[in-house]
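> Pasting a structure below so you can have a look.
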Amino acid sequence: MNNFSEQIKKLARQKSPLILANDYDDKKNLESRTLKNIKILSDYLCAIKFNFHVLLPLGEKQITKITKAAHQNGLQVIADIKLNDIGNTNLVAAQTLWDLGFDCIIVNPMMGPGNLQKLIELSHKNKKGVISLCHMSSPEAKVTYELGVKLGSKNTQLYKLFLEWATKMSADGIIVGATFPNIIQYCKKQSCGKLNVFSPGIGTQGGDISNTVSAGSDYLIVGRTILGSKNPVQTAKEMADLACKN
């Protein structure tokens, strides 16, 4: 069985590097809307992502049905829960998500390098993926992820420290917002291309596909621009075509 990085790379080449952030603000008909999205949009996507607030209202049977449908339609499934806790809690949460059919989880490296390394090692042992936060897409990200930190005699910034950990521990990728192309470029260069960059914030938040890809992003995460479109299929197709041209 292929691991997450291999599988999503293969699907991106076949279709596009677009990932749907299936993150609705309301709980109405979540299951049916999600299954419809998978059916009509999968030709233009390599993966589908679910945030914590979307998973909470769904039960085990619903989530399993959704992840199964995603796999049947050639999509990898990502749990965007920004996992950040003590080692044992992280491992139990990860195992639960794998049992529900998820291929990858997004984590917060604030858990510390030791806990992060254990989670990545166990995930890879189970052919699953870990994407680590590095720098988010909201304007507020500058306030936290660009904080100056001192580690021993070394002065750096928080996102640079997170990048160093993710590179050293062979994470499957990092999150860097499409709204910060200069940070994407820095991370891609510093990691010597060893890390895949996953960029949320395309479209509604102001991230530009061409600029984001040119900066070095490997996967583009799009939510509201597609979900709120009058013609989501056409919007997804146009965005996928543009992403593949760059």
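Chain identifiers are assigned as A, B, and so on, following the order in which chains appear in the structure tokens; residues are numbered from 1 within each chain, and ligands are numbered from 1 in order of appearance.
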Go through stretch 94-142 of chain A and flag each residue having an atom no more than 12 Å from stretch 31-47 of chain A; for those, report the closest pair of atoms plus their distance in Å to one decimal, using only C-alpha atoms, ordered by chain and rising number, as CSV.


residue,atom,partner,partner_atom,distance
A:Phe102,CA,A:Ala47,CA,10.8
A:Asp103,CA,A:Ala47,CA,9.7
A:Cys104,CA,A:Ala47,CA,10.2

> Could you save the residues just selected, with N, CA and C atoms, as a short mmCIF file (atom, residue, chain, number, x, y, z; two decimals), in the first residue's frame?


data_model
loop_
_atom_site.label_atom_id
_atom_site.label_comp_id
_atom_site.auth_asym_id
_atom_site.auth_seq_id
_atom_site.Cartn_x
_atom_site.Cartn_y
_atom_site.Cartn_z
N PHE A 102 -9.21 8.14 7.71
CA PHE A 102 -8.38 9.28 7.33
C PHE A 102 -6.98 8.83 6.95
N ASP A 103 -6.41 9.51 5.96
CA ASP A 103 -5.08 9.19 5.46
C ASP A 103 -4.00 10.07 6.08
N CYS A 104 -4.40 11.21 6.61
CA CYS A 104 -3.43 12.18 7.09
C CYS A 104 -4.08 13.10 8.12
#

> For stretch 2-8 of chain A, work out the shell of residues within 9 Å, counting only C-alpha atoms and skipping chain neighbours fewer than 3 positions away, then give it as an MDAnalysis selection string.

chainID A and resid 11:13 17 46:47 75:76 103:104 124 126:130 172:173 196

> Would you save the residues of that selection, restricted to N, CA and C atoms, as a PDB file, in the first residue's frame?


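This is the output file result-v3.pdb:
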ATOM      1  N   LEU A  11      -2.050  11.357  -7.330  1.00  0.00           N
ATOM      2  CA  LEU A  11      -3.357  11.908  -7.665  1.00  0.00           C
ATOM      3  C   LEU A  11      -3.251  13.339  -8.184  1.00  0.00           C
ATOM      4  N   ALA A  12      -2.322  14.115  -7.618  1.00  0.00           N
ATOM      5  CA  ALA A  12      -2.121  15.493  -8.069  1.00  0.00           C
ATOM      6  C   ALA A  12      -1.635  15.530  -9.512  1.00  0.00           C
ATOM      7  N   ARG A  13      -0.789  14.576  -9.864  1.00  0.00           N
ATOM      8  CA  ARG A  13      -0.301  14.498 -11.240  1.00  0.00           C
ATOM      9  C   ARG A  13      -1.422  14.087 -12.192  1.00  0.00           C
ATOM     10  N   PRO A  17      -3.363  19.648  -8.150  1.00  0.00           N
ATOM     11  CA  PRO A  17      -2.899  19.763  -6.764  1.00  0.00           C
ATOM     12  C   PRO A  17      -3.916  20.442  -5.850  1.00  0.00           C
ATOM     13  N   CYS A  46      -7.217  16.306  -5.580  1.00  0.00           N
ATOM     14  CA  CYS A  46      -6.393  15.176  -5.146  1.00  0.00           C
ATOM     15  C   CYS A  46      -6.749  14.755  -3.729  1.00  0.00           C
ATOM     16  N   ALA A  47      -7.431  15.635  -2.993  1.00  0.00           N
ATOM     17  CA  ALA A  47      -7.771  15.320  -1.597  1.00  0.00           C
ATOM     18  C   ALA A  47      -8.927  16.189  -1.132  1.00  0.00           C
ATOM     19  N   LEU A  75      -9.726  10.140  -3.893  1.00  0.00           N
ATOM     20  CA  LEU A  75      -9.296  11.268  -3.064  1.00  0.00           C
ATOM     21  C   LEU A  75      -8.630  10.771  -1.787  1.00  0.00           C
ATOM     22  N   GLN A  76      -7.590  11.466  -1.369  1.00  0.00           N
ATOM     23  CA  GLN A  76      -7.026  11.267  -0.051  1.00  0.00           C
ATOM     24  C   GLN A  76      -7.838  12.116   0.924  1.00  0.00           C
ATOM     25  N   ASP A 103      -6.412   9.511   5.961  1.00  0.00           N
ATOM     26  CA  ASP A 103      -5.078   9.185   5.465  1.00  0.00           C
ATOM     27  C   ASP A 103      -3.998  10.068   6.080  1.00  0.00           C
ATOM     28  N   CYS A 104      -4.403  11.211   6.607  1.00  0.00           N
ATOM     29  CA  CYS A 104      -3.428  12.184   7.088  1.00  0.00           C
ATOM     30  C   CYS A 104      -4.077  13.099   8.118  1.00  0.00           C
ATOM     31  N   HIS A 124       3.948   7.080   9.960  1.00  0.00           N
ATOM     32  CA  HIS A 124       4.628   6.489   8.807  1.00  0.00           C
ATOM     33  C   HIS A 124       4.670   4.962   8.902  1.00  0.00           C
ATOM     34  N   ASN A 126       2.357   3.238   9.981  1.00  0.00           N
ATOM     35  CA  ASN A 126       1.012   2.816   9.573  1.00  0.00           C
ATOM     36  C   ASN A 126       0.630   3.330   8.182  1.00  0.00           C
ATOM     37  N   LYS A 127       1.635   3.829   7.423  1.00  0.00           N
ATOM     38  CA  LYS A 127       1.427   4.330   6.065  1.00  0.00           C
ATOM     39  C   LYS A 127       0.487   5.530   6.032  1.00  0.00           C
ATOM     40  N   LYS A 128       0.509   6.327   7.087  1.00  0.00           N
ATOM     41  CA  LYS A 128      -0.320   7.524   7.179  1.00  0.00           C
ATOM     42  C   LYS A 128       0.556   8.764   7.157  1.00  0.00           C
ATOM     43  N   GLY A 129      -0.081   9.928   6.932  1.00  0.00           N
ATOM     44  CA  GLY A 129       0.670  11.167   6.798  1.00  0.00           C
ATOM     45  C   GLY A 129       0.471  12.136   7.943  1.00  0.00           C
ATOM     46  N   VAL A 130       1.451  13.017   8.108  1.00  0.00           N
ATOM     47  CA  VAL A 130       1.377  14.108   9.084  1.00  0.00           C
ATOM     48  C   VAL A 130       1.807  15.401   8.411  1.00  0.00           C
ATOM     49  N   ASP A 172       5.301  14.901   6.329  1.00  0.00           N
ATOM     50  CA  ASP A 172       4.824  14.785   4.952  1.00  0.00           C
ATOM     51  C   ASP A 172       4.574  16.147   4.328  1.00  0.00           C
ATOM     52  N   GLY A 173       4.606  17.172   5.131  1.00  0.00           N
ATOM     53  CA  GLY A 173       4.423  18.510   4.600  1.00  0.00           C
ATOM     54  C   GLY A 173       4.222  19.518   5.703  1.00  0.00           C
ATOM     55  N   ASN A 196       6.797  19.011   1.329  1.00  0.00           N
ATOM     56  CA  ASN A 196       5.690  19.508   0.529  1.00  0.00           C
ATOM     57  C   ASN A 196       5.037  20.658   1.273  1.00  0.00           C
TER      58      ASN A 196
END

> Atom CA of A:Lys61 and atom CA of A:Asn29, how far apart in Å?

14.7 Å

> Considering only C-alpha atoms, can you say which of A:Val107, A:Ser229, A:Pro200, A:Ser123 comes closest to A:Phe162?

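Residue with the minimum atom-to-atom distance to A:Phe162: A:Val107.
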
> Within 8 Å of stretch 81-85 of chain A, which residues of stretch 98-192 of chain A come that close, and what is the closest atom pair and distance in Å for each? Count only C-alpha atoms and give it as CSV.


residue,atom,partner,partner_atom,distance
A:Ile105,CA,A:Ile81,CA,7.0
A:Ile106,CA,A:Lys82,CA,5.1
A:Val107,CA,A:Lys82,CA,4.0
A:Asn108,CA,A:Lys82,CA,5.0
A:Pro109,CA,A:Asn84,CA,6.9
A:Met110,CA,A:Asn84,CA,6.5
A:Met111,CA,A:Asn84,CA,5.0
A:Leu133,CA,A:Lys82,CA,7.6

> With C-alpha atoms retained, write the just-selected residues as an mmCIF file, in the first residue's frame.


data_model
loop_
_atom_site.group_PDB
_atom_site.id
_atom_site.type_symbol
_atom_site.label_atom_id
_atom_site.label_comp_id
_atom_site.auth_asym_id
_atom_site.auth_seq_id
_atom_site.Cartn_x
_atom_site.Cartn_y
_atom_site.Cartn_z
ATOM 1 C CA ILE A 105 -3.757 14.555 10.025
ATOM 2 C CA ILE A 106 -2.725 18.180 10.403
ATOM 3 C CA VAL A 107 -0.912 18.809 13.681
ATOM 4 C CA ASN A 108 0.320 21.766 15.719
ATOM 5 C CA PRO A 109 4.053 21.444 16.505
ATOM 6 C CA MET A 110 3.521 23.350 19.760
ATOM 7 C CA MET A 111 3.248 19.829 21.210
ATOM 8 C CA LEU A 133 1.607 23.798 10.898
#

> Using only C-alpha atoms, can you tell me which of A:Tyr24, A:Trp165, A:Phe198, A:Phe180 comes closest to A:Ile120?

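For A:Ile120, the nearest of the candidates is A:Trp165.
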
> So which residues of stretch 29-107 of chain A fall under strand (DSSP E) by DSSP, listed as a list in words?

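Result set for stretch 29-107 of chain A (strand (DSSP E)): Ala47, Ile48, Lys49, Phe50, Asn51, Gln76, Val77, Ile78, Ala79, Asp80, Ile81, Lys82, Leu83, Cys104, Ile105, Ile106 and Val107 of chain A.
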
> Give me the residues within 6 Å of A:Ala21 as an mmCIF file with C-alpha atoms, in the first residue's frame, counting only C-alpha atoms and dropping any in the same chain fewer than 5 places off.


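Done, and the output landed in part_36.cif:
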data_model
loop_
_atom_site.group_PDB
_atom_site.id
_atom_site.type_symbol
_atom_site.label_atom_id
_atom_site.label_comp_id
_atom_site.auth_asym_id
_atom_site.auth_seq_id
_atom_site.Cartn_x
_atom_site.Cartn_y
_atom_site.Cartn_z
ATOM 1 C CA LYS A 49 -9.935 18.182 4.056
ATOM 2 C CA VAL A 222 -9.532 25.892 -1.401
ATOM 3 C CA GLY A 223 -12.777 26.109 0.522
#

> When you count only C-alpha atoms, which of these residues is closest to A:Asn246: A:Ser210, A:Ser217, A:Cys187, A:Thr204?

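Ranked by minimum distance to A:Asn246, first place goes to A:Ser210.
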
> For atom CA of A:Leu195 and atom CA of A:Ala171, quote the distance in Å rounded to one decimal.

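Computing the Euclidean distance for atom CA of A:Leu195 and atom CA of A:Ala171 yields 7.2 Å.
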
> Of the candidates A:Met169, A:Met239, A:Cys244, A:Leu56, which shows the shortest atom-to-atom distance to A:Ser214, using only C-alpha atoms?

A:Cys244

> Between atom CA of A:Gly228 and atom CA of A:Asp80, measure the distance and give it in Å to one decimal.

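Taking atom CA of A:Gly228 as the start and atom CA of A:Asp80 as the end point, the length is 20.1 Å.
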
> Can you pull out every residue from stretch 152-189 of chain A that DSSP, working from the backbone, puts in alpha helix (DSSP H), and format the result as a PDB file with N, CA and C atoms, in the first residue's frame?


ATOM      1  N   LEU A 158       9.313  31.770  15.288  1.00  0.00           N
ATOM      2  CA  LEU A 158       8.581  30.542  15.594  1.00  0.00           C
ATOM      3  C   LEU A 158       8.375  29.672  14.361  1.00  0.00           C
ATOM      4  N   TYR A 159       7.957  30.266  13.239  1.00  0.00           N
ATOM      5  CA  TYR A 159       7.699  29.454  12.049  1.00  0.00           C
ATOM      6  C   TYR A 159       8.970  28.815  11.511  1.00  0.00           C
ATOM      7  N   LYS A 160      10.105  29.481  11.694  1.00  0.00           N
ATOM      8  CA  LYS A 160      11.380  28.917  11.253  1.00  0.00           C
ATOM      9  C   LYS A 160      11.768  27.717  12.113  1.00  0.00           C
ATOM     10  N   LEU A 161      11.444  27.789  13.393  1.00  0.00           N
ATOM     11  CA  LEU A 161      11.694  26.657  14.285  1.00  0.00           C
ATOM     12  C   LEU A 161      10.800  25.477  13.903  1.00  0.00           C
ATOM     13  N   PHE A 162       9.520  25.769  13.623  1.00  0.00           N
ATOM     14  CA  PHE A 162       8.593  24.721  13.190  1.00  0.00           C
ATOM     15  C   PHE A 162       9.059  24.087  11.877  1.00  0.00           C
ATOM     16  N   LEU A 163       9.557  24.911  10.977  1.00  0.00           N
ATOM     17  CA  LEU A 163      10.085  24.416   9.702  1.00  0.00           C
ATOM     18  C   LEU A 163      11.267  23.483   9.938  1.00  0.00           C
ATOM     19  N   GLU A 164      12.156  23.868  10.828  1.00  0.00           N
ATOM     20  CA  GLU A 164      13.329  23.052  11.144  1.00  0.00           C
ATOM     21  C   GLU A 164      12.926  21.689  11.688  1.00  0.00           C
ATOM     22  N   TRP A 165      11.952  21.674  12.592  1.00  0.00           N
ATOM     23  CA  TRP A 165      11.488  20.404  13.163  1.00  0.00           C
ATOM     24  C   TRP A 165      10.860  19.524  12.083  1.00  0.00           C
ATOM     25  N   ALA A 166       9.986  20.107  11.272  1.00  0.00           N
ATOM     26  CA  ALA A 166       9.289  19.327  10.252  1.00  0.00           C
ATOM     27  C   ALA A 166      10.267  18.726   9.246  1.00  0.00           C
ATOM     28  N   THR A 167      11.294  19.495   8.889  1.00  0.00           N
ATOM     29  CA  THR A 167      12.296  19.006   7.944  1.00  0.00           C
ATOM     30  C   THR A 167      13.114  17.879   8.564  1.00  0.00           C
ATOM     31  N   LYS A 168      13.575  18.095   9.771  1.00  0.00           N
ATOM     32  CA  LYS A 168      14.404  17.113  10.464  1.00  0.00           C
ATOM     33  C   LYS A 168      13.668  15.805  10.701  1.00  0.00           C
ATOM     34  N   PRO A 181       3.250  34.442   0.314  1.00  0.00           N
ATOM     35  CA  PRO A 181       4.122  33.776  -0.663  1.00  0.00           C
ATOM     36  C   PRO A 181       5.603  33.898  -0.338  1.00  0.00           C
ATOM     37  N   ASN A 182       5.991  34.962   0.321  1.00  0.00           N
ATOM     38  CA  ASN A 182       7.402  35.114   0.692  1.00  0.00           C
ATOM     39  C   ASN A 182       7.817  34.064   1.726  1.00  0.00           C
ATOM     40  N   ILE A 183       6.888  33.703   2.612  1.00  0.00           N
ATOM     41  CA  ILE A 183       7.168  32.669   3.615  1.00  0.00           C
ATOM     42  C   ILE A 183       7.226  31.297   2.931  1.00  0.00           C
ATOM     43  N   ILE A 184       6.334  31.074   1.958  1.00  0.00           N
ATOM     44  CA  ILE A 184       6.361  29.823   1.188  1.00  0.00           C
ATOM     45  C   ILE A 184       7.724  29.667   0.519  1.00  0.00           C
ATOM     46  N   GLN A 185       8.165  30.715  -0.138  1.00  0.00           N
ATOM     47  CA  GLN A 185       9.442  30.684  -0.845  1.00  0.00           C
ATOM     48  C   GLN A 185      10.596  30.396   0.106  1.00  0.00           C
ATOM     49  N   TYR A 186      10.573  31.024   1.264  1.00  0.00           N
ATOM     50  CA  TYR A 186      11.632  30.810   2.258  1.00  0.00           C
ATOM     51  C   TYR A 186      11.638  29.348   2.721  1.00  0.00           C
ATOM     52  N   CYS A 187      10.463  28.828   3.042  1.00  0.00           N
ATOM     53  CA  CYS A 187      10.365  27.457   3.576  1.00  0.00           C
ATOM     54  C   CYS A 187      10.795  26.424   2.542  1.00  0.00           C
ATOM     55  N   LYS A 188      10.400  26.643   1.304  1.00  0.00           N
ATOM     56  CA  LYS A 188      10.764  25.689   0.248  1.00  0.00           C
ATOM     57  C   LYS A 188      12.275  25.674   0.048  1.00  0.00           C
ATOM     58  N   LYS A 189      12.867  26.851   0.081  1.00  0.00           N
ATOM     59  CA  LYS A 189      14.316  26.953  -0.118  1.00  0.00           C
ATOM     60  C   LYS A 189      15.076  26.357   1.062  1.00  0.00           C
TER      61      LYS A 189
END

> Rank nothing, just name the residue among A:Lys15, A:Ile66, A:Lys27, A:Leu20 nearest to A:Leu227, using only C-alpha atoms.

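With only C-alpha atoms as the atom set, the closest residue is A:Leu20.
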
> Nearest residue to A:Lys142 out of A:Val176, A:Trp98, A:Lys154, A:Glu121, using only C-alpha atoms?

A:Val176

> Within 10 Å of A:Leu242, counting only C-alpha atoms, which residues show up once you throw out same-chain ones fewer than 5 positions away? Write them as a ChimeraX atom specification, please.

/A:16,209-210,213,236-237
